[in-house]
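Undergrad: Input: one structure, supplied below.
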Amino acid sequence: MAPMIQVQDLTKYYRVPSREVPTSAWEKAKRFLVRQWQPVVAVDHISFTVEPGEAVAFLGPNGAGKTTTVKMLTGILTPTSGQATVAGYVPHRERYAYTYHIGLVMGQKSMLVWDIPVIESLRLYRDVYEVDEHAFEARLAQFSELLEIDELLHIPVRKLSLGQRMRAEIVSSLLHEPEVIFLDEPTIGLDLLSKRRMLEFIRTINRSEGVTVFLTTHNIPDVLQLCSRVILIDKGKLIYDGSIGALESLCQHQVIEVESREALDAAALAGATLDAPWSEVGQNRYLVRVDNGQLGELAQRLSHLPAVAHVGVRRPDLEEVLGEIYEGKIQL
Amino acid sequence: MKARSSYKGPLAKLPRLLWRLVRVGFVIETEFRTDFWMSVLNFLAWNALYVTFWQAIVGRTGSLGTWTAGELLVLNFMLSFQGALSIPFLGLRRLPERVREGALDKYLCRPVNPIVVTCFEAVYVVSFLRQLAVALAGVGACLWVYHLHVAAWRALLAVLLALIATLVWACLQGTVALLSFWIGEVGTIGFFLNVGRRFERYPIDVFPRAVRVSLTWFVPAALTGTYPAMVLLNKPINLGLTFAVALILLGLWGGVLALVSGAALRRYEAYGG
C-alpha cells in the first residue's frame, strides 16, 4: 500500500526583513528607504513517510518548522523545493481536489465563523465539501455521541469556552470523512477534562475509521496517548524518526528520585551525588541525573543522607528526553 | 457510508454555497440586532440630512446648474440604490485586515477559492433589502412629489448603469484590498478613493471639465450617482458613450482584479499570512 504522506527533501525558505543592525548613518538611511531582506530557512530538506492509519507525532521546539511543514502538507504554503504527496496528491498543485481528503485543526486559529452558531459553520462546511444531507446528519449524530456537542450547536462560536470551541473545530474538520487529519497543537490551553475527551475522540477516529493522524504538540501526554511514532524536527532539520521507545532508550542515564522529610542541604546533596546534576522538583523532592555506570553507588550514597525518606530509580520519561535533546545534551 | 460520495466541482456547488453565505450573513445580522437597528437609524439620518441640505441650497438658488431640487433628491436616492447594490461586496473592505490576521488559512485548506469566500463570508442580505427598499421608495417619492416623469426603459438603463458602476467599484476596491498581500496596510490608498467618492453626492456636471474627467476615469465617482440619475431623469447625456465608458472601466478593473488576485494568492501560498 502506498504511503499516506510522502515527503522528500521538503524545504521552505522565508524572506524576512534583515535583522542586521545598520552601523553607519548611510546604512540607516539606506535601510529606511529600501528594505533589506534575508532568507530564513524554516524547513530544511526533510524526508519521511507516514503509512495509512498511522498516528504520528511531529515534535520540535518553538520555531522548529512544525507549523510550516503542516501548512505545506495541507496546501496552504508552497514549498521552496522538494516533494510532498498526501493521499496521492501534491498539496500545493492540486489544492482543490486534494483538500476533500484532509482535515486541519489549528489550536491557535479558529476555523469556524466567529459570530454565528456552530451549526451554521458546520452547514457552511457541509456545502463546501458537498456532503449530502443524510450523511451530514449521521456524522453529526455520531460526533454528538462521542464529543457531546449537541449543547454547543446553537451557540455562537465567540461565546464558547476554549474546550467547547476545540470540540466544534474538530467536528468541522472531520465532517467530510477525510483520510488524513492534521492537528496543529489541538490541546493548547485546554483543561484536563477537555484534553482527555478530545484525545479519546481522536484515538477513536484513528482506530475505528483508520484516519491517519499527523499531530504537532508540546503536550507529551498527548503523544503518549495517541502516537507510537515520533518525528523530531529542530531548526528546520529532521533529527529523529522512530518509535517512542527507541527515542527514550537513546538516553544514556537514569533518574534517581529522592524524597526527604525536610529540605536537604545543597552542599550535602552535591557531595552525595559526586557533582552529578540534580534539581529540586517540589517540596523536599529532588531528581538526580545519573550515568548508568554510577547508578548503584549514587543511589546508595543518597539513601544514607540524613532526612532522606525514599530513593527511587527510573528511566527518564519522554518529556525529559526531549528536553535534553532540545538542550543539546543528547546528540542525535 | 462515506459522507462525500462525489464532488461536482466549483461551479456546480456555487449556487448552494452562495445561498449558504447569504444565510450566514442573515444569521450575523439577526445576532447583532442592536447594530442592525443603529445602522437603520444611521442610514435614515444621512438621507434626511441630504434632503434637508439640498432643499436648503436649492431653496435659495432655485437650482444647482441644470439640477432642480427634485432631481438632486433623485440623485441622492439613486446613490443609495447603488449603495444597496454594493452591500454584498462589503467584505472586500475587510480583506486587508483578514490577510494580516492570516485568515485565509481557513479556506486555503478547503476546496473553495479562499479569496472569494473570505470576501463573501457574510453577504448581508437584510441590509441589502432594507437599503434597496428605502432607495426605491425615496426615488418614487421624489418623482411623485416633484412631478418628474420617467420612461420605464430609462429606469431599466439607470439600474443597469448602477449595477455596472457597482461592479467597477467592487473590482477597484478589490484590487486595492489585494495590494495588502504585498504592502499590508492599504488604508492610504483607500483614503484617495474615499476622497474621490465624496464627490459622488454632488452632480458631477457642475464641476470643471478636469474634475469631471478625473471623476469618470480615475476615481469613477460619477458612475455611481450622477450618470445613473441623468439617465433616469432624461437629462442631456450621451447614452452610448456613458455605457461604453462604464464597460471599458469594468473590463479594465475586472482584468486587473483577476491578475492581482491570482498573484496575491500565489504570494500568500509562498509566504503565509
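By order in the C-alpha cells, chains are A, B, ...; within a chain, residues start at 1; ligands start at 1, following the order shown.
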Determine, for each residue of chain A having at least one atom at most 8 Å from an atom of chain B, the closest pair of atoms and their separation in Å to one decimal, counting only C-alpha atoms; order by chain and ascending number, as a Markdown table.
TA:
| residue | atom | partner | partner_atom | distance |
| --- | --- | --- | --- | --- |
| A:Tyr14 | CA | B:Tyr271 | CA | 6.4 |
| A:Arg15 | CA | B:Tyr271 | CA | 7.9 |
| A:Thr74 | CA | B:Cys109 | CA | 5.9 |
| A:Gly75 | CA | B:Cys109 | CA | 6.1 |
| A:Ile76 | CA | B:Leu108 | CA | 5.4 |
| A:Leu77 | CA | B:Glu269 | CA | 4.2 |
| A:Thr78 | CA | B:Ala270 | CA | 5.2 |
| A:Pro79 | CA | B:Ala270 | CA | 7.4 |
| A:Thr80 | CA | B:Ala270 | CA | 7.9 |
| A:Arg95 | CA | B:Pro111 | CA | 7.1 |
| A:Tyr96 | CA | B:Pro111 | CA | 4.5 |
| A:Ala97 | CA | B:Pro111 | CA | 6.7 |
| A:Tyr98 | CA | B:Pro111 | CA | 7.8 |
| A:Thr99 | CA | B:Arg110 | CA | 5.1 |
| A:Tyr100 | CA | B:Pro111 | CA | 6.4 |
| A:Gly103 | CA | B:Cys109 | CA | 7.9 |
| A:Leu104 | CA | B:Cys109 | CA | 7.3 |
| A:Ser110 | CA | B:Lys106 | CA | 7.7 |
| A:Met111 | CA | B:Lys106 | CA | 5.2 |
| A:Asp115 | CA | B:Ile28 | CA | 6.2 |
| A:Ile116 | CA | B:Ile28 | CA | 5.9 |
| A:Glu120 | CA | B:Val24 | CA | 6.8 |
| A:Arg123 | CA | B:Arg20 | CA | 7.8 |
| A:Leu124 | CA | B:Arg20 | CA | 6.1 |
| A:Asp127 | CA | B:Leu17 | CA | 5.9 |
| A:Val128 | CA | B:Pro111 | CA | 6.6 |
| A:Tyr129 | CA | B:Pro111 | CA | 6.9 |
| A:Glu130 | CA | B:Tyr7 | CA | 6.3 |
| A:Val131 | CA | B:Arg4 | CA | 5.0 |
| A:Asp132 | CA | B:Ala3 | CA | 6.8 |
| A:Ala135 | CA | B:Ala3 | CA | 4.9 |
| A:Phe136 | CA | B:Ala3 | CA | 6.7 |
| A:Arg139 | CA | B:Ala3 | CA | 7.6 |
| A:Leu175 | CA | B:Ala3 | CA | 7.4 |
| A:His176 | CA | B:Ala3 | CA | 5.4 |
| A:Glu177 | CA | B:Ala3 | CA | 6.1 |
Undergrad: Now that the selection is made, can you save its residues with N, CA and C atoms as an mmCIF file, in the first residue's frame?
TA:
data_model
loop_
_atom_site.group_PDB
_atom_site.id
_atom_site.type_symbol
_atom_site.label_atom_id
_atom_site.label_comp_id
_atom_site.auth_asym_id
_atom_site.auth_seq_id
_atom_site.Cartn_x
_atom_site.Cartn_y
_atom_site.Cartn_z
ATOM 1 N N TYR A 14 11.787 31.407 3.977
ATOM 2 C CA TYR A 14 11.012 32.642 4.029
ATOM 3 C C TYR A 14 11.973 33.791 3.778
ATOM 4 N N ARG A 15 11.443 34.884 3.250
ATOM 5 C CA ARG A 15 12.249 36.086 3.106
ATOM 6 C C ARG A 15 11.749 37.055 4.182
ATOM 7 N N THR A 74 -0.746 20.733 3.939
ATOM 8 C CA THR A 74 -2.187 20.950 3.766
ATOM 9 C C THR A 74 -2.494 21.859 2.573
ATOM 10 N N GLY A 75 -1.461 22.260 1.838
ATOM 11 C CA GLY A 75 -1.693 23.071 0.636
ATOM 12 C C GLY A 75 -1.748 24.559 0.905
ATOM 13 N N ILE A 76 -1.544 24.975 2.151
ATOM 14 C CA ILE A 76 -1.616 26.407 2.464
ATOM 15 C C ILE A 76 -0.358 27.120 1.967
ATOM 16 N N LEU A 77 0.770 26.472 2.085
ATOM 17 C CA LEU A 77 2.036 27.062 1.641
ATOM 18 C C LEU A 77 2.653 26.238 0.516
ATOM 19 N N THR A 78 3.337 26.933 -0.356
ATOM 20 C CA THR A 78 4.058 26.260 -1.439
ATOM 21 C C THR A 78 5.503 26.031 -0.990
ATOM 22 N N PRO A 79 6.005 24.804 -1.112
ATOM 23 C CA PRO A 79 7.405 24.580 -0.703
ATOM 24 C C PRO A 79 8.374 25.329 -1.620
ATOM 25 N N THR A 80 9.531 25.679 -1.076
ATOM 26 C CA THR A 80 10.572 26.284 -1.906
ATOM 27 C C THR A 80 11.177 25.215 -2.817
ATOM 28 N N ARG A 95 -4.619 21.625 -4.987
ATOM 29 C CA ARG A 95 -5.247 22.015 -3.723
ATOM 30 C C ARG A 95 -6.757 21.742 -3.717
ATOM 31 N N TYR A 96 -7.427 22.073 -4.796
ATOM 32 C CA TYR A 96 -8.886 21.956 -4.804
ATOM 33 C C TYR A 96 -9.328 20.502 -4.583
ATOM 34 N N ALA A 97 -8.819 19.604 -5.400
ATOM 35 C CA ALA A 97 -9.235 18.193 -5.275
ATOM 36 C C ALA A 97 -8.671 17.575 -4.000
ATOM 37 N N TYR A 98 -7.460 17.976 -3.672
ATOM 38 C CA TYR A 98 -6.760 17.380 -2.523
ATOM 39 C C TYR A 98 -7.470 17.643 -1.200
ATOM 40 N N THR A 99 -7.955 18.894 -1.032
ATOM 41 C CA THR A 99 -8.469 19.266 0.281
ATOM 42 C C THR A 99 -9.768 18.547 0.661
ATOM 43 N N TYR A 100 -10.382 17.829 -0.298
ATOM 44 C CA TYR A 100 -11.518 16.983 0.057
ATOM 45 C C TYR A 100 -11.069 15.812 0.938
ATOM 46 N N GLY A 103 -8.301 16.947 6.728
ATOM 47 C CA GLY A 103 -8.887 17.872 7.701
ATOM 48 C C GLY A 103 -7.747 18.556 8.433
ATOM 49 N N LEU A 104 -7.984 19.782 8.863
ATOM 50 C CA LEU A 104 -6.937 20.508 9.595
ATOM 51 C C LEU A 104 -7.562 21.182 10.812
ATOM 52 N N SER A 110 -8.950 29.798 14.817
ATOM 53 C CA SER A 110 -10.261 29.175 14.652
ATOM 54 C C SER A 110 -10.582 28.973 13.172
ATOM 55 N N MET A 111 -11.137 27.821 12.870
ATOM 56 C CA MET A 111 -11.556 27.509 11.504
ATOM 57 C C MET A 111 -13.062 27.742 11.351
ATOM 58 N N ASP A 115 -18.910 34.727 14.512
ATOM 59 C CA ASP A 115 -20.116 35.366 15.028
ATOM 60 C C ASP A 115 -21.391 34.557 14.851
ATOM 61 N N ILE A 116 -21.287 33.358 14.323
ATOM 62 C CA ILE A 116 -22.531 32.613 14.078
ATOM 63 C C ILE A 116 -22.517 31.313 14.883
ATOM 64 N N GLU A 120 -24.225 26.641 12.061
ATOM 65 C CA GLU A 120 -24.180 27.362 10.777
ATOM 66 C C GLU A 120 -22.806 27.192 10.115
ATOM 67 N N ARG A 123 -22.786 23.767 8.677
ATOM 68 C CA ARG A 123 -23.560 23.712 7.423
ATOM 69 C C ARG A 123 -22.795 24.358 6.278
ATOM 70 N N LEU A 124 -22.057 25.418 6.587
ATOM 71 C CA LEU A 124 -21.227 26.050 5.551
ATOM 72 C C LEU A 124 -20.198 25.033 5.034
ATOM 73 N N ASP A 127 -21.619 22.387 2.808
ATOM 74 C CA ASP A 127 -21.786 22.819 1.417
ATOM 75 C C ASP A 127 -20.440 22.961 0.710
ATOM 76 N N VAL A 128 -19.416 23.362 1.461
ATOM 77 C CA VAL A 128 -18.076 23.474 0.860
ATOM 78 C C VAL A 128 -17.592 22.096 0.404
ATOM 79 N N TYR A 129 -17.839 21.077 1.241
ATOM 80 C CA TYR A 129 -17.354 19.720 0.918
ATOM 81 C C TYR A 129 -18.401 18.890 0.168
ATOM 82 N N GLU A 130 -19.539 19.480 -0.115
ATOM 83 C CA GLU A 130 -20.611 18.787 -0.840
ATOM 84 C C GLU A 130 -21.037 17.498 -0.145
ATOM 85 N N VAL A 131 -21.145 17.563 1.164
ATOM 86 C CA VAL A 131 -21.614 16.397 1.926
ATOM 87 C C VAL A 131 -23.138 16.370 1.838
ATOM 88 N N ASP A 132 -23.702 15.196 1.497
ATOM 89 C CA ASP A 132 -25.164 15.202 1.357
ATOM 90 C C ASP A 132 -25.838 15.215 2.733
ATOM 91 N N ALA A 135 -25.878 12.079 5.109
ATOM 92 C CA ALA A 135 -24.540 11.779 5.633
ATOM 93 C C ALA A 135 -24.142 12.818 6.684
ATOM 94 N N PHE A 136 -24.521 14.076 6.433
ATOM 95 C CA PHE A 136 -24.204 15.147 7.382
ATOM 96 C C PHE A 136 -24.883 14.893 8.729
ATOM 97 N N ARG A 139 -23.320 11.920 10.489
ATOM 98 C CA ARG A 139 -21.994 12.267 11.010
ATOM 99 C C ARG A 139 -22.131 13.116 12.286
ATOM 100 N N LEU A 175 -16.111 16.396 9.247
ATOM 101 C CA LEU A 175 -17.452 16.205 8.673
ATOM 102 C C LEU A 175 -17.426 15.409 7.372
ATOM 103 N N HIS A 176 -16.403 15.666 6.555
ATOM 104 C CA HIS A 176 -16.363 15.109 5.206
ATOM 105 C C HIS A 176 -15.578 13.807 5.143
ATOM 106 N N GLU A 177 -15.347 13.185 6.308
ATOM 107 C CA GLU A 177 -14.623 11.913 6.390
ATOM 108 C C GLU A 177 -13.274 11.963 5.681
#
Undergrad: Can you pull out every residue within 10 Å of Glu97 in chain B, counting only C-alpha atoms, but drop anything in the same chain fewer than 3 positions away, and send it as a list in words?
TA: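 Here the answer would be Leu92, Arg93, Arg94, Arg100, Glu101, Gly102, Ala103, Ala177, Ser180, Gly184, Glu185 and Val186 of chain B.
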Undergrad: Using only C-alpha atoms, which of the listed residues (B:Val126, B:Ala158, B:Arg201, B:Ala152) sits closest to Trp46 in chain B?
TA: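 Answer, going by the shortest atom-to-atom distance: B:Arg201.
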Undergrad: Using only C-alpha atoms, which residue out of B:Phe43, B:Phe199, B:Tyr146, B:Trp169 lies closest to Gln82 in chain B?
TA: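 Among the listed residues, B:Trp169 lies closest to Gln82 in chain B.
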Undergrad: As a VMD selection string, please: every residue in range 26-82 of chain A that a backbone DSSP assignment puts in alpha helix (DSSP H).
TA: chain A and resid 26 to 33 66 to 73
Undergrad: Keeping only C-alpha atoms, write the selected residues as a PDB file, in the first residue's frame.
TA:
ATOM      1  CA  TRP A  26      24.351  55.928   5.426  1.00  0.00           C
ATOM      2  CA  GLU A  27      23.320  52.341   6.155  1.00  0.00           C
ATOM      3  CA  LYS A  28      20.464  53.568   8.339  1.00  0.00           C
ATOM      4  CA  ALA A  29      19.240  55.939   5.620  1.00  0.00           C
ATOM      5  CA  LYS A  30      19.518  53.179   3.024  1.00  0.00           C
ATOM      6  CA  ARG A  31      17.591  50.786   5.259  1.00  0.00           C
ATOM      7  CA  PHE A  32      14.873  53.413   5.762  1.00  0.00           C
ATOM      8  CA  LEU A  33      14.476  53.937   2.028  1.00  0.00           C
ATOM      9  CA  LYS A  66       6.383  22.260  12.587  1.00  0.00           C
ATOM     10  CA  THR A  67       3.571  24.586  11.556  1.00  0.00           C
ATOM     11  CA  THR A  68       5.330  25.474   8.301  1.00  0.00           C
ATOM     12  CA  THR A  69       5.549  21.759   7.489  1.00  0.00           C
ATOM     13  CA  VAL A  70       1.859  21.263   8.328  1.00  0.00           C
ATOM     14  CA  LYS A  71       0.964  24.257   6.143  1.00  0.00           C
ATOM     15  CA  MET A  72       2.947  22.796   3.240  1.00  0.00           C
ATOM     16  CA  LEU A  73       1.288  19.408   3.707  1.00  0.00           C
TER      17      LEU A  73
END
Undergrad: For a quick check of understanding, using only C-alpha atoms, which of A:Asp44, A:Ile102, A:Ser24, A:Tyr13 has the smallest distance to Leu238 in chain A?
TA: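 Answer, going by the shortest atom-to-atom distance: A:Asp44.
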Undergrad: Skip range 195-205 of chain A itself and residues of its chain fewer than 2 positions away, then list as a ChimeraX atom specification all residues within 9 Å of it, counting only C-alpha atoms.
TA: /A:55,143,146-147,163,166-167,170,186-193,207-211,213,222,225-227
Undergrad: Taking N, CA, C and O atoms for each residue, export the selection above as a compact mmCIF listing (two decimals), in the first residue's frame.
TA:
# COMPACT_ATOMS: atom_id res chain seq x y z
N ALA A 55 -0.64 7.00 13.40
CA ALA A 55 -0.76 8.25 14.17
C ALA A 55 0.66 8.68 14.53
O ALA A 55 1.35 7.99 15.28
N PHE A 143 -20.84 12.27 16.06
CA PHE A 143 -19.95 13.14 16.83
C PHE A 143 -20.61 13.64 18.11
O PHE A 143 -19.94 13.85 19.11
N LEU A 146 -20.00 11.07 20.65
CA LEU A 146 -18.61 10.96 21.11
C LEU A 146 -18.10 12.22 21.82
O LEU A 146 -17.31 12.16 22.74
N LEU A 147 -18.56 13.37 21.34
CA LEU A 147 -17.99 14.63 21.85
C LEU A 147 -19.01 15.50 22.60
O LEU A 147 -18.65 16.57 23.08
N GLY A 163 -12.33 24.91 25.36
CA GLY A 163 -12.56 23.46 25.24
C GLY A 163 -13.74 23.16 24.34
O GLY A 163 -13.69 22.27 23.48
N MET A 166 -12.84 23.93 20.70
CA MET A 166 -11.99 22.93 20.06
C MET A 166 -12.78 21.69 19.67
O MET A 166 -12.50 21.05 18.66
N ARG A 167 -13.80 21.36 20.47
CA ARG A 167 -14.65 20.22 20.09
C ARG A 167 -15.38 20.54 18.78
O ARG A 167 -15.48 19.69 17.89
N ILE A 170 -12.92 20.41 15.79
CA ILE A 170 -12.54 19.07 15.30
C ILE A 170 -13.69 18.43 14.53
O ILE A 170 -13.48 17.73 13.53
N PRO A 186 -3.57 20.86 18.98
CA PRO A 186 -5.02 20.89 19.21
C PRO A 186 -5.40 21.02 20.68
O PRO A 186 -6.54 21.39 20.98
N THR A 187 -4.49 20.69 21.59
CA THR A 187 -4.89 20.71 23.01
C THR A 187 -4.30 21.91 23.75
O THR A 187 -4.36 21.96 24.97
N ILE A 188 -3.76 22.86 23.00
CA ILE A 188 -3.11 24.01 23.65
C ILE A 188 -4.15 24.80 24.47
O ILE A 188 -5.22 25.14 23.99
N GLY A 189 -3.83 24.97 25.73
CA GLY A 189 -4.70 25.76 26.61
C GLY A 189 -5.93 25.03 27.13
O GLY A 189 -6.74 25.63 27.82
N LEU A 190 -6.07 23.75 26.81
CA LEU A 190 -7.28 23.04 27.25
C LEU A 190 -7.12 22.52 28.67
O LEU A 190 -6.02 22.15 29.09
N ASP A 191 -8.25 22.45 29.40
CA ASP A 191 -8.18 21.87 30.74
C ASP A 191 -8.10 20.35 30.62
O ASP A 191 -8.26 19.78 29.53
N LEU A 192 -7.88 19.71 31.76
CA LEU A 192 -7.62 18.27 31.77
C LEU A 192 -8.75 17.47 31.13
O LEU A 192 -8.52 16.59 30.30
N LEU A 193 -9.98 17.81 31.51
CA LEU A 193 -11.13 17.03 31.01
C LEU A 193 -11.33 17.22 29.51
O LEU A 193 -11.54 16.25 28.77
N ARG A 207 -8.59 4.79 15.19
CA ARG A 207 -8.66 3.33 15.23
C ARG A 207 -9.88 2.77 14.51
O ARG A 207 -9.79 1.76 13.83
N SER A 208 -11.04 3.45 14.68
CA SER A 208 -12.24 2.85 14.09
C SER A 208 -12.39 3.18 12.61
O SER A 208 -12.90 2.39 11.84
N GLU A 209 -11.92 4.37 12.21
CA GLU A 209 -12.10 4.77 10.80
C GLU A 209 -10.80 4.72 10.01
O GLU A 209 -10.80 4.98 8.81
N GLY A 210 -9.71 4.44 10.71
CA GLY A 210 -8.42 4.36 10.02
C GLY A 210 -7.92 5.70 9.51
O GLY A 210 -7.11 5.76 8.57
N VAL A 211 -8.38 6.79 10.13
CA VAL A 211 -7.92 8.12 9.71
C VAL A 211 -6.47 8.31 10.15
O VAL A 211 -6.12 8.07 11.30
N VAL A 213 -3.37 10.21 11.43
CA VAL A 213 -3.26 11.38 12.30
C VAL A 213 -1.84 11.92 12.25
O VAL A 213 -0.87 11.18 12.43
N ASP A 222 -0.19 13.91 25.27
CA ASP A 222 -0.99 13.74 24.04
C ASP A 222 -0.30 12.71 23.13
O ASP A 222 -0.94 11.85 22.53
N GLN A 225 -0.55 9.20 24.46
CA GLN A 225 -1.90 8.64 24.36
C GLN A 225 -2.27 8.29 22.91
O GLN A 225 -3.02 7.35 22.69
N LEU A 226 -1.73 9.03 21.95
CA LEU A 226 -2.20 8.86 20.57
C LEU A 226 -1.23 8.14 19.64
O LEU A 226 -1.65 7.44 18.73
N CYS A 227 0.05 8.39 19.83
CA CYS A 227 1.01 8.02 18.78
C CYS A 227 1.99 6.95 19.24
O CYS A 227 2.33 6.87 20.42
Undergrad: Hey, what does DSSP flag as strand (DSSP E) within range 21-61 of chain A? Can you give it to me as a PyMOL selection string?
TA: chain A and resi 37-50+55-59
Undergrad: So what do you get for CA of Lys12 in chain A versus CA of Gly65 in chain A, distance-wise?
TA: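 Value for the CA of Lys12 in chain A-CA of Gly65 in chain A distance: 9.0 Å.
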Undergrad: Residues near Tyr240 in chain A, anyone? I mean within 9 Å using only C-alpha atoms, not counting same-chain ones fewer than 4 positions away, as a list in words.
TA: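 Near neighbours after the sequence-gap exclusion: Val230, Ile231, Leu232, Ile233, Leu247 and Leu332 of chain A.
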